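Structure file run-v5.tsv; described as TSV, C-alpha atoms.
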```tsv
chain	number	residue	atom	x	y	z
A	9	MET	CA	-145.94	-36.93	150.69
A	10	ASN	CA	-145.28	-37.80	154.35
A	11	ILE	CA	-141.64	-38.55	155.16
A	12	VAL	CA	-139.98	-40.35	158.05
A	13	VAL	CA	-136.33	-39.46	158.67
A	14	LEU	CA	-134.52	-41.94	160.89
A	15	GLY	CA	-131.60	-40.30	162.67
A	16	ALA	CA	-131.21	-36.68	163.78
A	17	GLY	CA	-127.43	-36.51	163.44
A	18	GLY	CA	-125.46	-34.55	160.87
A	19	MET	CA	-126.60	-36.55	157.85
A	20	GLY	CA	-130.17	-36.91	159.04
A	21	ALA	CA	-130.34	-33.18	159.66
A	22	TYR	CA	-129.43	-32.30	156.06
A	23	ALA	CA	-131.77	-34.97	154.71
A	24	ALA	CA	-134.65	-33.67	156.82
A	25	ARG	CA	-134.06	-30.00	155.96
A	26	THR	CA	-133.75	-30.78	152.25
A	27	ALA	CA	-136.94	-32.86	152.30
A	28	GLY	CA	-138.74	-30.15	154.24
A	29	ASN	CA	-137.93	-27.61	151.53
A	30	PHE	CA	-139.73	-29.64	148.85
A	31	SER	CA	-143.20	-28.24	148.20
A	32	PHE	CA	-144.68	-31.72	147.71
A	33	VAL	CA	-143.62	-32.85	151.20
A	34	ASN	CA	-146.41	-32.28	153.73
A	35	LYS	CA	-144.86	-33.73	156.87
A	36	VAL	CA	-141.40	-34.76	158.05
A	37	MET	CA	-141.33	-37.00	161.12
A	38	VAL	CA	-137.85	-36.96	162.69
A	39	CYS	CA	-137.07	-40.05	164.75
A	40	ASP	CA	-134.08	-40.64	166.98
A	41	ILE	CA	-133.36	-42.55	170.15
A	42	ASN	CA	-132.26	-39.16	171.50
A	43	HIS	CA	-135.58	-37.40	172.15
A	44	ASN	CA	-134.07	-33.91	172.39
A	45	ALA	CA	-132.11	-34.30	169.15
A	46	ALA	CA	-135.27	-35.34	167.29
A	47	LYS	CA	-137.21	-32.44	168.80
A	48	ASP	CA	-134.56	-29.84	167.99
A	49	LEU	CA	-134.33	-30.94	164.36
A	50	ALA	CA	-138.11	-31.12	163.89
A	51	ASN	CA	-138.42	-27.60	165.26
A	52	GLN	CA	-136.13	-26.38	162.46
A	53	LEU	CA	-138.64	-27.57	159.87
A	54	GLY	CA	-141.42	-25.18	160.72
A	55	GLY	CA	-144.94	-26.49	160.48
A	56	LYS	CA	-143.82	-29.59	158.56
A	57	GLY	CA	-141.69	-31.02	161.37
A	58	ILE	CA	-142.86	-33.52	163.99
A	59	TYR	CA	-140.75	-35.84	166.10
A	60	GLN	CA	-140.67	-38.87	168.31
A	61	SER	CA	-138.17	-40.91	170.27
A	62	LEU	CA	-137.50	-44.22	168.51
A	63	ASP	CA	-135.33	-47.29	169.02
A	64	VAL	CA	-134.86	-48.71	165.52
A	65	LEU	CA	-134.12	-52.14	167.00
A	66	ASN	CA	-137.67	-52.26	168.40
A	67	PRO	CA	-139.83	-53.74	165.61
A	68	ILE	CA	-143.12	-52.70	167.25
A	69	GLN	CA	-142.00	-49.07	167.44
A	70	LEU	CA	-140.87	-49.19	163.81
A	71	GLU	CA	-144.17	-50.69	162.67
A	72	ASN	CA	-146.17	-47.98	164.46
A	73	THR	CA	-143.93	-45.21	163.10
A	74	PHE	CA	-144.26	-46.32	159.48
A	75	VAL	CA	-148.08	-46.55	159.42
A	76	ASP	CA	-148.76	-43.19	157.72
A	77	ALA	CA	-145.44	-42.78	155.87
A	78	ASP	CA	-144.97	-42.59	152.12
A	79	PHE	CA	-141.17	-42.73	152.14
A	80	ILE	CA	-138.48	-43.52	154.72
A	81	LEU	CA	-135.06	-41.87	154.72
A	82	ASN	CA	-132.78	-43.97	156.92
A	83	THR	CA	-129.55	-42.36	158.16
A	84	THR	CA	-129.03	-44.49	161.28
A	85	GLY	CA	-125.79	-46.39	161.55
A	86	PRO	CA	-123.66	-48.33	161.69
A	87	PHE	CA	-125.53	-50.22	159.00
A	88	PHE	CA	-123.82	-53.54	159.68
A	89	LYS	CA	-125.93	-53.48	162.87
A	90	LEU	CA	-129.00	-51.38	162.06
A	91	GLY	CA	-129.64	-51.66	158.31
A	92	LEU	CA	-131.43	-54.98	157.95
A	93	PRO	CA	-134.05	-54.64	160.73
A	94	VAL	CA	-135.20	-51.24	159.47
A	95	LEU	CA	-135.55	-52.45	155.90
A	96	HIS	CA	-137.51	-55.50	157.11
A	97	ALA	CA	-139.94	-53.19	158.87
A	98	ALA	CA	-140.33	-50.90	155.85
A	99	ILE	CA	-141.10	-53.81	153.54
A	100	LYS	CA	-143.60	-55.23	156.02
A	101	ALA	CA	-145.30	-51.83	156.21
A	102	GLY	CA	-145.34	-51.46	152.41
A	103	VAL	CA	-143.43	-48.14	152.53
A	104	HIS	CA	-140.79	-46.98	150.04
A	105	TYR	CA	-137.30	-46.74	151.51
A	106	VAL	CA	-133.88	-45.22	150.84
A	107	ASP	CA	-130.78	-45.19	153.03
A	108	ILE	CA	-127.08	-44.30	153.14
A	109	CYS	CA	-125.80	-47.81	153.92
A	110	ASP	CA	-122.04	-47.77	153.43
A	111	ASP	CA	-121.18	-51.32	154.57
A	112	TRP	CA	-120.92	-54.02	151.92
A	113	GLU	CA	-121.92	-56.92	154.18
A	114	PRO	CA	-125.48	-55.73	155.01
A	115	THR	CA	-125.85	-54.45	151.44
A	116	LEU	CA	-125.69	-58.04	150.20
A	117	GLU	CA	-128.12	-59.18	152.91
A	118	MET	CA	-130.61	-56.44	152.10
A	119	LEU	CA	-130.48	-57.13	148.37
A	120	GLU	CA	-131.71	-60.65	149.16
A	121	LEU	CA	-135.02	-59.10	150.28
A	122	SER	CA	-135.75	-57.82	146.77
A	123	ASN	CA	-138.48	-60.31	145.90
A	124	GLU	CA	-140.26	-59.68	149.19
A	125	ALA	CA	-140.13	-55.93	148.60
A	126	ALA	CA	-141.44	-56.26	145.04
A	127	GLU	CA	-144.33	-58.41	146.23
A	128	ASN	CA	-145.25	-55.62	148.66
A	129	ASP	CA	-144.98	-52.96	145.90
A	130	VAL	CA	-142.00	-51.39	147.69
A	131	LEU	CA	-138.99	-49.67	146.16
A	132	ALA	CA	-135.94	-49.76	148.43
A	133	ILE	CA	-132.68	-48.12	147.35
A	134	ILE	CA	-129.64	-49.11	149.38
A	135	GLY	CA	-126.70	-46.70	149.69
A	136	MET	CA	-127.85	-43.39	148.14
A	137	GLY	CA	-125.59	-40.82	149.77
A	138	SER	CA	-122.29	-39.50	148.52
A	139	SER	CA	-120.35	-42.77	148.47
A	140	PRO	CA	-122.07	-45.05	147.87
A	141	GLY	CA	-124.72	-43.23	145.89
A	142	VAL	CA	-123.40	-40.40	143.77
A	143	THR	CA	-120.30	-42.52	143.09
A	144	ASN	CA	-122.44	-45.38	141.73
A	145	LEU	CA	-124.17	-43.07	139.28
A	146	LEU	CA	-120.87	-41.50	138.22
A	147	ALA	CA	-119.62	-45.04	137.60
A	148	VAL	CA	-122.57	-45.67	135.27
A	149	LEU	CA	-121.75	-42.50	133.32
A	150	ALA	CA	-118.11	-43.57	132.97
A	151	ALA	CA	-118.81	-47.22	132.15
A	152	ASP	CA	-121.59	-46.54	129.66
A	153	SER	CA	-119.37	-44.18	127.67
A	154	LEU	CA	-117.19	-47.19	126.76
A	155	ASP	CA	-118.03	-50.03	124.39
A	156	THR	CA	-116.63	-52.55	126.88
A	157	VAL	CA	-115.44	-51.95	130.44
A	158	ASP	CA	-112.84	-54.08	132.24
A	159	THR	CA	-112.02	-52.07	135.39
A	160	LEU	CA	-114.39	-49.88	137.36
A	161	LEU	CA	-113.37	-47.90	140.45
A	162	THR	CA	-115.21	-45.53	142.73
A	163	GLY	CA	-113.60	-43.41	145.41
A	164	TRP	CA	-112.81	-40.15	147.13
A	165	SER	CA	-109.97	-38.23	148.74
A	166	ILE	CA	-109.46	-38.63	152.49
A	167	ASP	CA	-108.06	-35.08	152.45
A	168	ASP	CA	-111.68	-33.94	152.08
A	169	ASP	CA	-112.91	-36.14	154.95
A	170	ASP	CA	-114.10	-33.95	157.84
A	171	GLU	CA	-114.09	-36.96	160.17
A	172	VAL	CA	-110.28	-37.00	160.22
A	173	GLY	CA	-108.47	-34.98	162.88
A	174	GLY	CA	-111.47	-33.98	164.95
A	175	GLU	CA	-111.40	-32.38	168.38
A	176	PRO	CA	-110.02	-34.39	171.34
A	177	GLU	CA	-112.58	-35.99	173.69
A	178	VAL	CA	-115.18	-36.27	170.91
A	179	GLU	CA	-116.67	-39.75	170.59
A	180	PRO	CA	-116.24	-41.44	167.19
A	181	SER	CA	-119.27	-41.16	164.93
A	182	ALA	CA	-120.98	-44.05	163.17
A	183	ALA	CA	-119.19	-42.93	159.98
A	184	LEU	CA	-115.79	-43.16	161.66
A	185	ILE	CA	-116.56	-46.58	163.15
A	186	HIS	CA	-117.64	-47.67	159.67
A	187	TRP	CA	-114.29	-46.48	158.30
A	188	MET	CA	-112.40	-48.57	160.86
A	189	GLN	CA	-114.57	-51.56	160.00
A	190	GLN	CA	-113.83	-51.30	156.29
A	191	ILE	CA	-110.03	-50.83	156.51
A	192	SER	CA	-109.65	-53.91	158.71
A	193	GLY	CA	-110.34	-57.60	158.34
A	194	THR	CA	-111.13	-58.52	154.75
A	195	ILE	CA	-113.19	-56.76	152.10
A	196	ARG	CA	-115.02	-58.11	149.08
A	197	ILE	CA	-114.05	-56.90	145.63
A	198	GLN	CA	-114.21	-58.16	142.05
A	199	GLN	CA	-110.77	-59.38	140.99
A	200	ASP	CA	-109.83	-61.53	138.00
A	201	GLY	CA	-113.52	-61.59	137.09
A	202	GLU	CA	-114.66	-63.13	140.39
A	203	PHE	CA	-115.78	-61.93	143.79
A	204	GLY	CA	-113.27	-62.61	146.52
A	205	ASP	CA	-112.34	-61.48	150.01
A	206	HIS	CA	-109.06	-59.57	150.18
A	207	LYS	CA	-107.11	-57.46	152.63
A	208	PRO	CA	-108.01	-53.74	152.43
A	209	LEU	CA	-105.55	-50.88	151.89
A	210	ALA	CA	-104.06	-52.52	148.81
A	211	HIS	CA	-102.05	-49.90	146.93
A	212	ALA	CA	-102.21	-49.25	143.19
A	213	GLN	CA	-101.38	-46.40	140.86
A	214	ILE	CA	-103.83	-45.28	138.17
A	215	THR	CA	-103.75	-42.69	135.41
A	216	TYR	CA	-106.44	-40.04	135.60
A	217	PRO	CA	-107.29	-38.25	132.32
A	218	GLU	CA	-105.51	-34.87	132.08
A	219	LEU	CA	-104.13	-35.18	135.65
A	220	GLY	CA	-101.65	-38.02	135.26
A	221	LYS	CA	-100.79	-40.78	137.73
A	222	PHE	CA	-101.85	-40.90	141.34
A	223	ASN	CA	-101.97	-43.45	144.16
A	224	THR	CA	-105.02	-45.30	145.47
A	225	TRP	CA	-105.74	-47.62	148.40
A	226	THR	CA	-108.69	-50.01	148.63
A	227	MET	CA	-111.42	-49.91	151.25
A	228	GLY	CA	-114.48	-52.06	151.76
A	229	HIS	CA	-117.63	-50.45	150.33
A	230	PRO	CA	-120.92	-51.38	148.64
A	231	GLU	CA	-119.98	-50.11	145.17
A	232	ALA	CA	-117.47	-52.95	144.82
A	233	VAL	CA	-120.16	-55.60	145.33
A	234	THR	CA	-123.10	-53.99	143.50
A	235	LEU	CA	-121.58	-52.55	140.31
A	236	PRO	CA	-120.43	-56.01	139.10
A	237	LEU	CA	-124.07	-57.09	139.27
A	238	LYS	CA	-124.88	-54.44	136.65
A	239	TYR	CA	-121.64	-55.02	134.70
A	240	PRO	CA	-121.04	-58.78	135.04
A	241	ASN	CA	-118.07	-58.85	132.63
A	242	LEU	CA	-115.87	-56.66	134.82
A	243	THR	CA	-112.39	-57.97	135.49
A	244	TYR	CA	-111.76	-55.71	138.46
A	245	CYS	CA	-114.03	-53.52	140.61
A	246	ALA	CA	-113.14	-51.83	143.90
A	247	ASN	CA	-113.67	-48.76	146.01
A	248	VAL	CA	-110.53	-46.71	146.61
A	249	MET	CA	-109.25	-43.74	148.59
A	250	THR	CA	-106.62	-41.18	147.62
A	251	GLY	CA	-104.49	-38.94	149.79
A	252	ALA	CA	-101.00	-38.55	151.19
A	253	ALA	CA	-99.12	-41.84	151.56
A	254	ASN	CA	-98.17	-41.11	155.17
A	255	ALA	CA	-101.83	-41.07	156.17
A	256	PHE	CA	-102.32	-44.54	154.74
A	257	THR	CA	-99.30	-45.77	156.66
A	258	GLY	CA	-101.14	-44.62	159.77
A	259	LEU	CA	-104.35	-46.33	158.68
A	260	ALA	CA	-102.47	-49.58	158.06
A	261	LYS	CA	-101.14	-49.47	161.62
A	262	LEU	CA	-104.65	-48.94	162.97
A	263	ALA	CA	-105.95	-51.83	160.85
A	264	ALA	CA	-103.23	-54.11	162.27
A	265	ILE	CA	-104.22	-53.14	165.82
A	266	ILE	CA	-107.88	-53.89	165.09
A	267	ASP	CA	-107.09	-57.21	163.42
A	268	ALA	CA	-104.94	-58.22	166.39
A	269	LYS	CA	-107.92	-57.40	168.66
A	270	GLU	CA	-105.80	-54.90	170.53
A	271	ALA	CA	-108.45	-52.22	169.95
A	272	THR	CA	-112.14	-52.16	169.08
A	273	LEU	CA	-113.44	-50.23	166.10
A	274	ALA	CA	-114.58	-47.43	168.41
A	275	GLU	CA	-111.21	-47.33	170.20
A	276	ALA	CA	-109.37	-47.11	166.89
A	277	GLY	CA	-111.67	-44.29	165.81
A	278	LYS	CA	-110.96	-42.52	169.07
A	279	MET	CA	-107.22	-42.68	168.32
A	280	ILE	CA	-107.80	-40.78	165.06
A	281	LEU	CA	-109.90	-38.16	166.82
A	282	GLU	CA	-107.20	-37.63	169.45
A	283	THR	CA	-104.07	-37.66	167.32
A	284	GLY	CA	-105.12	-37.42	163.67
A	285	LEU	CA	-103.29	-39.31	160.93
A	286	PRO	CA	-99.60	-38.82	160.10
A	287	ALA	CA	-99.04	-35.69	158.04
A	288	GLY	CA	-96.59	-35.20	155.19
A	289	GLY	CA	-96.05	-36.78	151.84
A	290	GLU	CA	-97.42	-35.77	148.50
A	291	PRO	CA	-101.20	-35.22	148.72
A	292	GLY	CA	-103.57	-36.92	146.34
A	293	PRO	CA	-105.66	-35.05	143.76
A	294	ASN	CA	-108.51	-33.02	145.18
A	295	LEU	CA	-111.30	-34.62	143.17
A	296	GLY	CA	-114.07	-35.10	145.73
A	297	VAL	CA	-116.05	-38.18	144.73
A	298	VAL	CA	-115.03	-39.88	141.51
A	299	ALA	CA	-115.58	-42.89	139.26
A	300	TRP	CA	-112.89	-44.31	136.96
A	301	ALA	CA	-113.37	-46.83	134.16
A	302	GLU	CA	-110.92	-48.56	131.85
A	303	GLY	CA	-111.98	-50.47	128.77
A	304	ARG	CA	-112.26	-50.07	125.01
A	305	LYS	CA	-113.93	-47.48	122.80
A	306	ASN	CA	-114.02	-47.92	119.02
A	307	GLY	CA	-111.43	-50.67	119.38
A	308	THR	CA	-108.98	-48.49	121.33
A	309	SER	CA	-107.94	-48.90	124.97
A	310	THR	CA	-109.56	-45.96	126.77
A	311	ILE	CA	-109.83	-44.50	130.28
A	312	VAL	CA	-112.86	-42.44	131.32
A	313	ALA	CA	-113.32	-40.65	134.64
A	314	ALA	CA	-116.35	-38.82	136.00
A	315	THR	CA	-116.63	-36.41	138.89
A	316	THR	CA	-118.88	-33.54	139.93
A	317	LEU	CA	-117.93	-29.90	139.50
A	318	GLY	CA	-120.33	-28.78	142.23
A	319	TYR	CA	-121.47	-30.46	145.43
A	320	PRO	CA	-123.75	-29.83	148.40
A	321	PRO	CA	-122.01	-27.77	151.09
A	322	SER	CA	-121.25	-28.43	154.77
A	323	GLY	CA	-118.90	-31.39	154.80
A	324	MET	CA	-119.97	-34.99	155.17
A	325	GLY	CA	-123.43	-34.13	156.50
A	326	GLY	CA	-124.46	-32.10	153.47
A	327	ALA	CA	-122.58	-34.29	151.00
A	328	THR	CA	-124.50	-37.34	152.18
A	329	GLY	CA	-127.86	-36.08	153.46
A	330	VAL	CA	-128.72	-33.88	150.49
A	331	PRO	CA	-128.14	-36.58	147.82
A	332	LEU	CA	-130.29	-38.94	149.90
A	333	ALA	CA	-133.25	-36.57	149.98
A	334	VAL	CA	-133.05	-35.85	146.23
A	335	VAL	CA	-134.53	-39.33	145.67
A	336	LEU	CA	-137.84	-37.90	146.88
A	337	GLN	CA	-137.92	-35.52	143.92
A	338	LEU	CA	-137.48	-38.34	141.44
A	339	HIS	CA	-140.21	-40.33	143.15
A	340	ASN	CA	-142.56	-37.33	143.08
A	341	GLN	CA	-141.88	-36.89	139.36
A	342	GLY	CA	-142.86	-40.53	138.70
A	343	ILE	CA	-139.36	-41.38	137.48
A	344	LEU	CA	-138.70	-44.21	139.94
A	345	THR	CA	-140.72	-47.13	138.61
A	346	ALA	CA	-138.65	-50.08	139.83
A	347	ARG	CA	-139.76	-52.26	142.72
A	348	GLY	CA	-137.68	-54.50	144.94
A	349	VAL	CA	-134.37	-53.76	146.67
A	350	HIS	CA	-131.82	-52.00	144.47
A	351	ALA	CA	-128.43	-50.39	144.51
A	352	PRO	CA	-128.61	-46.86	143.05
A	353	GLU	CA	-127.32	-47.91	139.63
A	354	THR	CA	-130.20	-50.32	138.95
A	355	ALA	CA	-133.03	-48.02	140.05
A	356	ILE	CA	-131.95	-44.48	139.12
A	357	LYS	CA	-131.06	-42.88	135.78
A	358	PRO	CA	-127.91	-40.76	136.29
A	359	GLY	CA	-129.07	-37.91	134.03
A	360	ALA	CA	-132.36	-37.40	135.86
A	361	TYR	CA	-130.65	-37.66	139.22
A	362	PHE	CA	-127.92	-35.12	138.50
A	363	ASP	CA	-130.49	-32.73	137.00
A	364	ALA	CA	-132.31	-32.85	140.35
A	365	LEU	CA	-129.15	-32.59	142.46
A	366	ALA	CA	-127.49	-29.77	140.51
A	367	PRO	CA	-129.63	-26.85	141.78
A	368	LEU	CA	-128.67	-27.81	145.35
A	369	CYS	CA	-124.93	-27.54	144.59
A	370	PRO	CA	-123.06	-24.22	144.91
A	371	ARG	CA	-120.76	-22.88	142.25
A	372	VAL	CA	-117.21	-24.21	142.35
A	373	ASP	CA	-114.37	-22.18	140.81
A	374	GLY	CA	-116.85	-20.14	138.80
A	375	ILE	CA	-118.53	-23.18	137.27
A	376	GLY	CA	-122.31	-23.05	137.27
A	377	PRO	CA	-124.32	-25.38	139.53
A	378	ASN	CA	-125.79	-27.18	136.52
A	379	SER	CA	-122.39	-28.25	135.22
A	380	PHE	CA	-121.21	-31.83	135.71
A	381	SER	CA	-118.53	-33.80	133.88
```
Give the structure from this file in structure tokens form.
Amino acid sequence: MNIVVLGAGGMGAYAARTAGNFSFVNKVMVCDINHNAAKDLANQLGGKGIYQSLDVLNPIQLENTFVDADFILNTTGPFFKLGLPVLHAAIKAGVHYVDICDDWEPTLEMLELSNEAAENDVLAIIGMGSSPGVTNLLAVLAADSLDTVDTLLTGWSIDDDDEVGGEPEVEPSAALIHWMQQISGTIRIQQDGEFGDHKPLAHAQITYPELGKFNTWTMGHPEAVTLPLKYPNLTYCANVMTGAANAFTGLAKLAAIIDAKEATLAEAGKMILETGLPAGGEPGPNLGVVAWAEGRKNGTSTIVAATTLGYPPSGMGGATGVPLAVVLQLHNQGILTARGVHAPETAIKPGAYFDALAPLCPRVDGIGPNSFS
């Protein structure tokens, strides 16, 4: 299998190194607009690594790059700007595709290309990182353990987010700009059984099995717009964050500044890098990524939650890039038979995926790497 990895940043680096370790991968072409970054990463891959400078907004360059590829791993962002043109090029080239798109707006646009992809015998999976990605598959595990499901949430703790409180003078990453985008303006969620656009950072308290009540705040994300397509009878579906309340007070102030056009997304991200978020307040539960479902089982109102007990190391880069590359294993095993453009939950079986991911996760609190709940 010949792989193209778009993006030589933190997430692309872990995706490329993970792919390069698979015995069935012959070649990993690392592409980035930064020639030196692509070269440095390719050199880490031994004889499998090659590189080239690439502007993903140049369709001719994309077409030439994809000629000999079997699978494309796209980590370039922000996806509200760069997602759609890359997917167009992959479909045109007839090459399978997977990305870490974490913006709901382009997710909906890319899903509209499903018929075109299927006609070209292409499988494209949109949003297969940590969240979205692992969270979607956890949501399937939680939802499918109920007879009927009314509410379905995905989320994570911002206390685990290594983008918060970075070093001064560091420019905001695409992930941080994405965060500012999805806490401002309006976000799309499923509420009262219908899709609608709502203000983000809406607060709610939920009960987590065995841990009790904790606070959540909404954020725009693809899970909220794709999971209702698989579970059309949902009353409510959203993506949420947990953490100390004071931090969310700070995020609300940033969102107000963005909405008032007093700061751009990048400028708001820069403020976080320079000053961090307000400290103090009771922290949220340290759950990593999580899915939470409420419905009925055997006629009884029931709550089910799912999280991982092990996870790839090295912060956001490993947590996102490794799960992305694991898709290659499933493809090599002949497990991925769907064609068209899919969210993770409609193309990937959770059991097979977590079996493939588990060996790449270190032990946590003495629990073996093959243990998930």
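For the choices A:Asn29, A:Thr226, A:Thr310, A:Thr234, the atom-to-atom distance to Val334 in chain A is smallest for A:Asn29 when using all atoms listed in the file.
Counting only C-alpha atoms, the residue from A:Ala287, A:Leu161, A:Ala212, A:Ala182 that sits nearest to Gln198 in chain A is A:Leu161.
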10 Å contact set for Ser122 in chain A, only C-alpha atoms, chain neighbours under 6 positions out, as an mmCIF file with C-alpha atoms, in the coordinates of the input:
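Result file is out-v3.cif:
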```
data_model
loop_
_atom_site.group_PDB
_atom_site.id
_atom_site.type_symbol
_atom_site.label_atom_id
_atom_site.label_comp_id
_atom_site.auth_asym_id
_atom_site.auth_seq_id
_atom_site.Cartn_x
_atom_site.Cartn_y
_atom_site.Cartn_z
ATOM 1 C CA ILE A 99 -141.100 -53.810 153.540
ATOM 2 C CA ASN A 128 -145.250 -55.620 148.660
ATOM 3 C CA VAL A 130 -142.000 -51.390 147.690
ATOM 4 C CA LEU A 131 -138.990 -49.670 146.160
ATOM 5 C CA ALA A 132 -135.940 -49.760 148.430
ATOM 6 C CA ARG A 347 -139.760 -52.260 142.720
ATOM 7 C CA GLY A 348 -137.680 -54.500 144.940
ATOM 8 C CA VAL A 349 -134.370 -53.760 146.670
ATOM 9 C CA HIS A 350 -131.820 -52.000 144.470
#
```
Please compute the CA of Lys269 in chain A-CA of Ala252 in chain A distance, one decimal, in Å.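 Taking CA of Lys269 in chain A and CA of Ala252 in chain A, their separation equals 26.6 Å.
Neighbours of Asn340 in chain A closer than or equal to 10 Å, with all atoms listed in the file counted and sequence neighbours fewer than 4 positions away skipped, come out as Met9, Phe32, Val33, Val335, Leu336 and Leu344 of chain A.
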Using the incomplete input, complete range 81-94 of chain A to the level of N, CA and C atoms; output as a PDB file, in the frame of the given file.
```
ATOM      1  N   LEU A  81    -136.462 -42.201 154.927  1.00  0.00           N
ATOM      2  CA  LEU A  81    -135.060 -41.870 154.720  1.00  0.00           C
ATOM      3  C   LEU A  81    -134.301 -42.347 155.946  1.00  0.00           C
ATOM      4  N   ASN A  82    -133.470 -43.358 155.783  1.00  0.00           N
ATOM      5  CA  ASN A  82    -132.780 -43.970 156.920  1.00  0.00           C
ATOM      6  C   ASN A  82    -131.323 -43.542 156.950  1.00  0.00           C
ATOM      7  N   THR A  83    -130.943 -42.788 158.003  1.00  0.00           N
ATOM      8  CA  THR A  83    -129.550 -42.360 158.160  1.00  0.00           C
ATOM      9  C   THR A  83    -128.911 -42.950 159.412  1.00  0.00           C
ATOM     10  N   THR A  84    -129.566 -43.915 160.042  1.00  0.00           N
ATOM     11  CA  THR A  84    -129.030 -44.490 161.280  1.00  0.00           C
ATOM     12  C   THR A  84    -127.942 -45.508 160.980  1.00  0.00           C
ATOM     13  N   GLY A  85    -126.891 -45.450 161.732  1.00  0.00           N
ATOM     14  CA  GLY A  85    -125.790 -46.390 161.550  1.00  0.00           C
ATOM     15  C   GLY A  85    -125.199 -46.766 162.891  1.00  0.00           C
ATOM     16  N   PRO A  86    -124.243 -47.709 162.880  1.00  0.00           N
ATOM     17  CA  PRO A  86    -123.660 -48.330 161.690  1.00  0.00           C
ATOM     18  C   PRO A  86    -124.619 -49.332 161.052  1.00  0.00           C
ATOM     19  N   PHE A  87    -124.567 -49.406 159.741  1.00  0.00           N
ATOM     20  CA  PHE A  87    -125.530 -50.220 159.000  1.00  0.00           C
ATOM     21  C   PHE A  87    -125.266 -51.711 159.124  1.00  0.00           C
ATOM     22  N   PHE A  88    -124.047 -52.106 159.481  1.00  0.00           N
ATOM     23  CA  PHE A  88    -123.820 -53.540 159.680  1.00  0.00           C
ATOM     24  C   PHE A  88    -124.590 -54.045 160.899  1.00  0.00           C
ATOM     25  N   LYS A  89    -125.108 -53.121 161.713  1.00  0.00           N
ATOM     26  CA  LYS A  89    -125.930 -53.480 162.870  1.00  0.00           C
ATOM     27  C   LYS A  89    -127.382 -53.105 162.674  1.00  0.00           C
ATOM     28  N   LEU A  90    -127.659 -51.957 162.056  1.00  0.00           N
ATOM     29  CA  LEU A  90    -129.000 -51.380 162.060  1.00  0.00           C
ATOM     30  C   LEU A  90    -129.716 -51.416 160.714  1.00  0.00           C
ATOM     31  N   GLY A  91    -129.016 -51.761 159.632  1.00  0.00           N
ATOM     32  CA  GLY A  91    -129.640 -51.660 158.310  1.00  0.00           C
ATOM     33  C   GLY A  91    -130.750 -52.663 158.075  1.00  0.00           C
ATOM     34  N   LEU A  92    -130.479 -53.918 158.302  1.00  0.00           N
ATOM     35  CA  LEU A  92    -131.430 -54.980 157.950  1.00  0.00           C
ATOM     36  C   LEU A  92    -132.743 -54.890 158.713  1.00  0.00           C
ATOM     37  N   PRO A  93    -132.745 -54.680 160.032  1.00  0.00           N
ATOM     38  CA  PRO A  93    -134.050 -54.640 160.730  1.00  0.00           C
ATOM     39  C   PRO A  93    -134.954 -53.499 160.277  1.00  0.00           C
ATOM     40  N   VAL A  94    -134.370 -52.356 159.926  1.00  0.00           N
ATOM     41  CA  VAL A  94    -135.200 -51.240 159.470  1.00  0.00           C
ATOM     42  C   VAL A  94    -135.803 -51.541 158.110  1.00  0.00           C
TER      43      VAL A  94
END
```
